[in-house]
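Student: Sharing upload-v4.txt below, compact mmCIF, C-alpha atoms:
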# COMPACT_ATOMS: atom_id res chain seq x y z
CA GLY A 1 13.59 -8.12 28.14
CA TRP A 2 11.65 -10.04 25.50
CA GLY A 3 11.55 -13.07 27.79
CA GLY A 4 9.97 -10.95 30.51
CA ALA A 5 7.51 -9.49 28.00
CA GLU A 6 6.39 -12.94 26.87
CA ALA A 7 5.84 -13.94 30.48
CA LYS A 8 3.39 -11.02 30.85
CA GLY A 9 1.37 -12.07 27.81
CA LEU A 10 3.29 -10.15 25.15
CA GLN A 11 4.43 -12.06 22.07
CA VAL A 12 7.31 -11.17 19.78
CA GLU A 13 6.60 -11.20 16.03
CA TYR A 14 9.82 -11.75 14.10
CA ASP A 15 8.60 -12.48 10.55
CA LEU A 16 4.95 -11.38 10.16
CA GLN A 17 4.81 -7.85 11.53
CA THR A 18 1.55 -5.95 10.99
CA PRO A 19 2.03 -2.68 9.02
CA LEU A 20 -0.41 0.08 10.02
CA PHE A 21 -0.47 3.86 9.40
CA LEU A 22 2.90 3.99 7.60
CA ASP A 23 4.26 5.54 4.39
CA ARG A 24 3.50 4.10 0.97
CA THR A 25 5.80 3.90 -2.06
CA TYR A 26 4.78 5.81 -5.22
CA LEU A 27 6.05 5.99 -8.78
CA PHE A 28 4.24 8.40 -11.11
CA VAL A 29 4.21 10.90 -13.97
CA SER A 30 2.59 14.32 -14.22
CA PRO A 31 1.48 16.42 -17.21
CA ASN A 32 2.25 19.60 -15.22
CA ARG A 33 5.57 21.44 -15.01
CA ILE A 34 7.79 22.26 -12.05
CA HIS A 35 9.03 25.80 -11.35
CA ARG A 36 12.56 26.23 -10.00
CA GLN A 37 14.09 29.64 -9.26
CA GLY A 38 17.34 30.15 -11.18
CA ASP A 39 16.94 27.24 -13.63
CA PRO A 40 17.09 28.41 -17.29
CA HIS A 41 14.89 25.44 -18.28
CA SER A 42 12.16 26.31 -15.74
CA PRO A 43 9.30 25.45 -15.79
CA LEU A 44 10.54 21.84 -16.09
CA PRO A 45 8.60 18.99 -17.75
CA LEU A 46 8.78 15.86 -15.59
CA VAL A 47 9.77 12.39 -16.80
CA PHE A 48 8.77 10.76 -13.52
CA GLU A 49 8.71 11.26 -9.77
CA GLY A 50 9.05 8.60 -7.09
CA GLN A 51 8.66 8.25 -3.34
CA PHE A 52 10.54 5.17 -2.18
CA ALA A 53 9.61 4.33 1.41
CA PRO A 54 10.39 0.75 2.52
CA ASN A 55 9.22 0.25 6.11
CA LEU A 56 11.90 -1.78 7.91
CA PHE A 57 10.56 -3.38 11.08
CA LEU A 58 12.40 -4.37 14.20
CA PRO A 59 10.75 -7.34 16.00
CA GLN A 60 7.20 -6.32 16.89
CA LEU A 61 5.54 -6.84 20.29
CA LYS A 62 1.94 -8.06 20.32
CA LEU A 63 -0.50 -8.27 23.22
CA ASP A 64 -3.50 -10.61 22.70
CA ASP A 65 -4.51 -12.01 19.32
CA PHE A 66 -7.16 -10.40 17.13
CA LYS A 67 -8.23 -13.69 15.52
CA GLN A 68 -8.73 -15.43 18.87
CA ASP A 69 -9.53 -12.66 21.36
CA GLY A 70 -11.19 -10.05 19.13
CA ARG A 71 -8.58 -7.51 20.20
CA GLU A 72 -4.87 -6.92 19.71
CA THR A 73 -2.32 -4.29 20.73
CA LEU A 74 0.91 -3.82 18.78
CA PHE A 75 4.14 -2.02 19.67
CA SER A 76 6.46 -1.36 16.73
CA ALA A 77 9.74 0.35 15.93
CA VAL A 78 10.09 1.04 12.21
CA PHE A 79 12.95 2.64 10.26
CA THR A 80 11.91 4.25 6.97
CA PRO A 81 14.56 5.60 4.56
CA ASN A 82 12.04 7.73 2.67
CA ILE A 83 13.59 9.15 -0.52
CA ARG A 84 11.83 11.31 -3.13
CA LEU A 85 13.26 11.73 -6.62
CA ARG A 86 12.25 13.99 -9.50
CA MET A 87 13.60 13.43 -13.00
CA ALA A 88 13.04 16.30 -15.41
CA ASN A 89 13.10 16.18 -19.20
CA THR A 90 16.30 18.22 -19.62
CA ASP A 91 19.55 17.61 -21.51
CA SER A 92 21.78 17.83 -18.42
CA ASN A 93 21.34 17.26 -14.67
CA PRO A 94 17.86 15.78 -15.09
CA ILE A 95 17.68 14.54 -11.46
CA LEU A 96 16.77 17.34 -9.07
CA PRO A 97 18.48 17.21 -5.63
CA PRO A 98 16.59 14.39 -3.89
CA SER A 99 14.49 14.75 -0.75
CA TYR A 100 15.90 12.58 2.05
CA LEU A 101 13.53 11.97 4.95
CA MET A 102 15.10 9.30 7.14
CA LYS A 103 12.94 8.57 10.17
CA LEU A 104 12.34 6.23 13.07
CA THR A 105 8.70 5.59 13.99
CA LEU A 106 7.67 4.30 17.41
CA GLN A 107 4.09 3.08 17.11
CA ALA A 108 1.40 1.82 19.44
CA ALA A 109 -1.67 0.44 17.63
CA HIS A 110 -4.84 -1.22 18.89
CA LEU A 111 -7.27 -3.41 16.93
CA ARG A 112 -10.67 -4.37 18.31
CA LEU A 113 -13.68 -6.30 17.03
CA LEU A 114 -16.97 -4.52 17.82
CA HIS A 115 -20.25 -6.41 17.98
CA GLY A 116 -23.61 -4.68 17.85
CA PRO A 117 -26.78 -5.77 19.72
CA ASP A 118 -27.28 -8.49 17.11
CA ARG A 119 -24.16 -10.65 17.33
CA ASP A 120 -25.14 -12.49 14.13
CA SER A 121 -24.88 -9.31 12.07
CA ALA A 122 -21.71 -8.24 10.27
CA PRO A 123 -19.14 -7.05 12.85
CA ARG A 124 -17.23 -3.79 12.92
CA VAL A 125 -13.50 -3.37 13.39
CA LEU A 126 -11.81 -0.43 15.13
CA ALA A 127 -8.13 0.43 14.64
CA LEU A 128 -6.35 3.20 16.57
CA GLY A 129 -2.73 4.25 16.30
CA LEU A 130 -0.20 6.67 17.77
CA ASN A 131 3.04 7.37 15.88
CA VAL A 132 5.94 9.23 17.47
CA ILE A 133 8.48 10.01 14.73
CA ALA A 134 12.03 11.36 14.90
CA GLY A 135 13.48 12.20 11.50
CA HIS A 136 16.00 14.10 9.42
CA TYR A 137 14.89 15.92 6.28
CA SER A 138 17.44 17.33 3.81
CA ASN A 139 18.45 17.59 0.16
CA GLY A 140 22.17 16.76 0.38
CA GLU A 141 23.31 20.11 -1.04
CA ASP A 142 25.86 22.51 0.49
CA GLY A 143 25.16 25.74 -1.40
CA CYS A 144 24.02 28.93 0.28
CA PHE A 145 20.36 29.08 1.22
CA PHE A 146 19.53 32.39 -0.51
CA ALA A 147 20.13 33.23 -4.17
CA ASN A 148 21.94 36.52 -3.37
CA GLN A 149 24.63 34.73 -1.30
CA THR A 150 27.95 33.29 -2.45
CA GLY A 151 30.13 30.57 -0.92
CA THR A 152 29.07 27.32 0.71
CA ASP A 153 26.89 26.72 3.75
CA PRO A 154 27.49 27.89 6.50
CA ASN A 155 30.19 30.28 5.22
CA CYS A 156 28.03 32.49 3.02
CA GLU A 157 28.31 36.17 2.09
CA PRO A 158 26.43 38.26 2.93
CA GLN A 159 25.54 36.48 6.18
CA GLU A 160 21.98 37.86 6.18
CA GLY A 161 20.59 36.70 2.87
CA THR A 162 17.17 37.57 1.49
CA PRO A 163 14.68 35.67 -0.72
CA PRO A 164 14.43 34.36 -3.37
CA LEU A 165 15.97 31.04 -2.34
CA ASN A 166 18.82 29.25 -4.09
CA GLU A 167 16.60 26.47 -5.43
CA ILE A 168 19.39 24.92 -7.54
CA THR A 169 22.12 24.05 -5.00
CA GLY A 170 20.91 25.63 -1.74
CA SER A 171 21.27 23.58 1.43
CA PHE A 172 17.96 22.47 2.94
CA SER A 173 18.20 20.61 6.25
CA THR A 174 16.17 20.11 9.42
CA ASN A 175 15.61 17.56 12.14
CA LEU A 176 12.01 17.01 13.13
CA LEU A 177 9.76 15.49 15.75
CA ARG A 178 6.28 14.48 14.60
CA PHE A 179 3.22 13.14 16.40
CA GLU A 180 0.41 11.37 14.51
CA LEU A 181 -2.99 10.07 15.67
CA HIS A 182 -4.83 7.63 13.39
CA GLY A 183 -8.27 6.05 13.54
CA ARG A 184 -10.05 3.58 11.25
CA LEU A 185 -13.53 2.08 11.51
CA GLY A 186 -14.44 -0.88 9.35
CA PHE A 187 -18.06 -2.00 9.08
CA ALA A 188 -20.12 -4.51 7.08
CA VAL A 189 -17.05 -6.75 7.42
CA ASP A 190 -17.25 -10.09 5.62
CA PRO A 191 -14.00 -12.00 6.33
CA HIS A 192 -14.97 -14.85 3.98
CA ARG A 193 -15.43 -12.58 0.95
CA LEU A 194 -12.71 -10.13 2.09
CA SER A 195 -15.21 -7.28 1.83
CA ALA A 196 -15.80 -4.24 4.04
CA TRP A 197 -16.34 -0.49 4.21
CA LEU A 198 -13.65 1.60 5.91
CA LEU A 199 -13.71 5.17 7.20
CA GLY A 200 -10.69 6.85 8.75
CA ALA A 201 -9.17 10.10 9.95
CA ASN A 202 -5.78 11.31 11.14
CA VAL A 203 -4.12 14.42 12.57
CA PHE A 204 -0.46 15.32 12.91
CA PHE A 205 1.73 17.95 14.54
CA GLU A 206 5.36 18.39 13.47
CA LEU A 207 8.15 20.48 14.99
CA ASN A 208 11.43 21.45 13.33
CA SER A 209 14.59 21.34 15.44
CA ALA A 210 18.09 22.83 15.32
CA ILE A 211 19.40 20.11 17.66
CA GLY A 212 21.87 17.58 16.28
CA PRO A 213 23.72 17.18 12.96
CA GLY A 214 21.80 18.75 10.10
CA GLY A 215 19.49 20.73 12.37
CA MET A 216 17.54 23.68 11.05
CA SER A 217 19.42 26.98 10.63
CA PRO A 218 17.91 30.29 11.85
CA ALA A 219 17.78 31.53 8.25
CA GLN A 220 15.77 28.51 7.11
CA ARG A 221 13.46 28.64 10.13
CA ARG A 222 12.53 32.23 9.27
CA VAL A 223 11.01 31.31 5.91
CA TYR A 224 10.24 27.57 6.35
CA GLY A 225 8.66 27.92 9.79
CA ASN A 226 8.65 26.14 13.13
CA GLY A 227 6.67 23.17 11.87
CA HIS A 228 3.48 21.90 10.25
CA TRP A 229 0.09 20.64 11.35
CA GLY A 230 -2.41 18.71 9.27
CA VAL A 231 -5.52 16.55 9.05
CA GLY A 232 -6.63 13.74 6.75
CA LEU A 233 -9.77 11.78 5.86
CA LEU A 234 -10.02 8.38 4.20
CA GLY A 235 -12.76 6.21 2.75
CA GLU A 236 -12.16 2.71 1.40
CA ARG A 237 -14.24 -0.10 -0.06
CA ALA A 238 -12.96 -3.67 -0.20
CA VAL A 239 -14.82 -6.14 -2.44
CA ASN A 240 -13.56 -9.72 -2.75
CA GLY A 241 -10.08 -8.55 -1.74
CA ASN A 242 -10.03 -5.67 -4.25
CA ARG A 243 -9.61 -2.29 -2.54
CA PHE A 244 -10.76 1.14 -3.72
CA ARG A 245 -9.56 4.16 -1.72
CA LEU A 246 -10.37 7.89 -1.67
CA GLU A 247 -8.18 10.02 0.59
CA GLY A 248 -7.81 13.73 1.28
CA ALA A 249 -5.16 15.59 3.30
CA TYR A 250 -4.55 19.18 4.32
CA SER A 251 -1.36 20.56 5.91
CA HIS A 252 -0.31 24.05 6.98
CA PRO A 253 3.02 25.53 8.17
CA PHE A 254 3.31 27.79 11.21
CA GLY A 255 5.91 30.29 12.39
CA GLU A 256 7.11 31.28 8.90
CA THR A 257 7.67 34.80 7.48
CA PRO A 258 5.97 35.70 5.21
CA ALA A 259 2.99 33.51 6.06
CA GLN A 260 2.25 30.73 3.56
CA ARG A 261 -1.01 29.12 2.56
CA GLY A 262 -1.82 25.48 3.25
CA THR A 263 -1.53 22.49 0.91
CA LEU A 264 -4.42 20.26 -0.13
CA SER A 265 -4.14 16.84 -1.78
CA VAL A 266 -6.85 14.43 -2.95
CA GLU A 267 -5.97 10.89 -4.00
CA ALA A 268 -7.96 8.01 -5.51
CA ALA A 269 -6.44 4.53 -5.73
CA ALA A 270 -7.37 0.98 -6.71
CA ASN A 271 -5.44 -2.02 -5.37
CA PRO A 272 -6.55 -5.26 -7.06
CA ARG A 273 -6.20 -8.46 -5.09
CA TRP A 274 -3.99 -10.00 -7.76
CA GLY A 275 -1.59 -7.07 -7.33
CA SER A 276 -0.50 -8.47 -3.92
CA GLY A 277 0.02 -4.97 -2.53
CA PHE A 278 0.43 -2.62 -5.50
CA GLY A 279 -2.14 -0.68 -7.46
CA VAL A 280 -2.82 2.45 -9.51
CA PHE A 281 -3.62 5.95 -8.27
CA ALA A 282 -4.44 9.50 -9.35
CA ARG A 283 -3.73 12.51 -7.15
CA TYR A 284 -4.20 16.28 -7.26
CA VAL A 285 -1.96 18.53 -5.11
CA ARG A 286 -2.40 22.27 -4.70
CA GLY A 287 -0.43 24.60 -2.42
CA GLN A 288 3.23 24.62 -1.36
CA ASP A 289 5.67 22.41 -3.22
CA TYR A 290 6.59 19.53 -0.89
CA TYR A 291 10.01 18.89 -2.51
CA ASN A 292 12.67 20.15 -0.01
CA ILE A 293 13.95 23.66 -0.86
CA LEU A 294 11.16 24.33 -3.40
CA PHE A 295 8.69 24.99 -0.55
CA LEU A 296 8.12 28.65 -1.59
CA GLU A 297 6.96 27.56 -5.06
CA ARG A 298 3.21 27.25 -5.55
CA ILE A 299 2.07 24.06 -7.28
CA SER A 300 -1.07 22.73 -8.92
CA LEU A 301 -0.16 19.17 -9.95
CA TRP A 302 -1.97 16.14 -11.33
CA GLN A 303 -0.13 12.86 -10.71
CA PHE A 304 -0.82 9.39 -12.16
CA GLY A 305 1.02 6.14 -11.52
CA LEU A 306 1.64 3.14 -9.27
CA VAL A 307 1.28 2.87 -5.51
CA PHE A 308 2.93 0.09 -3.50
CA GLU A 309 2.00 -1.11 -0.02
CA LEU A 310 4.41 -4.05 0.10
CA ASN A 311 7.02 -4.44 2.82
CA PRO A 312 10.48 -5.89 2.08
CA GLY A 313 11.46 -9.31 3.39
CA ALA A 314 10.74 -12.95 2.70
CA ARG A 315 7.58 -14.52 4.09
CA LEU A 316 8.22 -18.26 4.38
CA LYS A 317 6.35 -19.09 7.57
CA THR A 318 4.90 -22.63 7.70
CA ASP A 319 2.93 -24.67 10.23
CA SER A 320 6.12 -26.32 11.46
CA GLY A 321 7.80 -22.95 12.01
CA ARG A 322 10.58 -23.86 9.58
CA PRO A 323 10.88 -22.46 6.06
CA PRO A 324 10.64 -24.75 2.97
CA GLY A 325 13.83 -26.74 2.42
CA PHE A 326 14.58 -26.91 6.17
CA GLN A 327 11.71 -29.17 7.22
Could you show the structure in this file as structure tokens?
Tutor:
Amino acid sequence: GWGGAEAKGLQVEYDLQTPLFLDRTYLFVSPNRIHRQGDPHSPLPLVFEGQFAPNLFLPQLKLDDFKQDGRETLFSAVFTPNIRLRMANTDSNPILPPSYLMKLTLQAAHLRLLHGPDRDSAPRVLALGLNVIAGHYSNGEDGCFFANQTGTDPNCEPQEGTPPLNEITGSFSTNLLRFELHGRLGFAVDPHRLSAWLLGANVFFELNSAIGPGGMSPAQRRVYGNGHWGVGLLGERAVNGNRFRLEGAYSHPFGETPAQRGTLSVEAAANPRWGSGFGVFARYVRGQDYYNILFLERISLWQFGLVFELNPGARLKTDSGRPPGFQ
């Protein structure tokens, strides 16, 4: 299949895949406390929280070459074992049940160089992307979903539980299908100084599913909802390879009872060139808690820490095509 693709002008990238519109890795602290129904230590002071999201690429298909043709189209398949961890400042069981969001992303992305009427002026760059994501989201627990139930999931008594939720050991699990559209416009681009302005936007629509292992239960669907939709805006300034980013996002559930309010987050980050992909960030989140079964808890959190945009894997490509030591 790859041989046929290359014959039609497609190239296969094995070692220098282009990452676009994917998850970042975060490690941070917060001065705010976390509420958890049924925990005698609640509200909990946090030691740290982390989102660990390595983006693992299969060989990437590329049509055209941006550096030579001024345009490029990429087709990617990316596996992301996204794991979120919270460690609380408690004497026992300091790690809350983790959030596991394993997902496969199929992506089509297009890059294009745009020239204005004056071709000697600084060019603009357009990037568009479509992500189709299939994932599984759970917390690895097997307790009953509601606090008034006893037993283990799915053998719980009484069968029809009522809120509040069992936020200590309750089972949270759903499969999901998510669609994302991304757009970025870069202008005043100076490739020699690695400087530019960047404006971007994205929208997403996510559906929860009961199909397959770990699918959503009817009891969880009633209070968690049928899915989420959301929008995001981004502004970024690159100066001599140093990047400064301001990003906002809003998401809202649908199909849940009782109806919940949306969640807003605003994030500012600085990625210095010498960091080679990592930087510092500050973020404010207000709305539903995003940490698996805590979704009925309302949060107002400040977060400060490190953000990583590195991808795993060695990068030893040379002009000869052979890595050092094998010349």
Student: Which is closest to Pro154 (chain A) among A:Pro98, A:Ala196, A:Ala219, A:Leu177, if we use all atoms listed in the file?
Tutor: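 Checking each candidate against Pro154 (chain A), we get A:Ala219 as the closest.
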Student: Report the distance between CA of Leu10 (chain A) and CA of Asp64 (chain A) in Å, rounded to one decimal place.
Tutor: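 Distance between the two atoms: 7.2 Å.
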Student: Excluding Pro191 (chain A) and its own-chain neighbours fewer than 6 positions away, which residues fall within 10 Å of it when counting only C-alpha atoms? Please give them as a ChimeraX atom specification.
Tutor: /A:122-123,240-241
Student: Between A:Ile95, A:Leu130, A:Ile299, A:Leu104, single out the one closest to Pro43 (chain A), counting all atoms listed in the file.
Tutor: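 Closest candidate: A:Ile299.
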Student: From the set A:Leu111, A:Ala201, A:Leu296, A:Met216, which residue has the shortest atom-to-atom contact distance to Ala249 (chain A), counting all atoms listed in the file?
Tutor: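 Nearest candidate to Ala249 (chain A) out of A:Leu111, A:Ala201, A:Leu296, A:Met216: A:Ala201.
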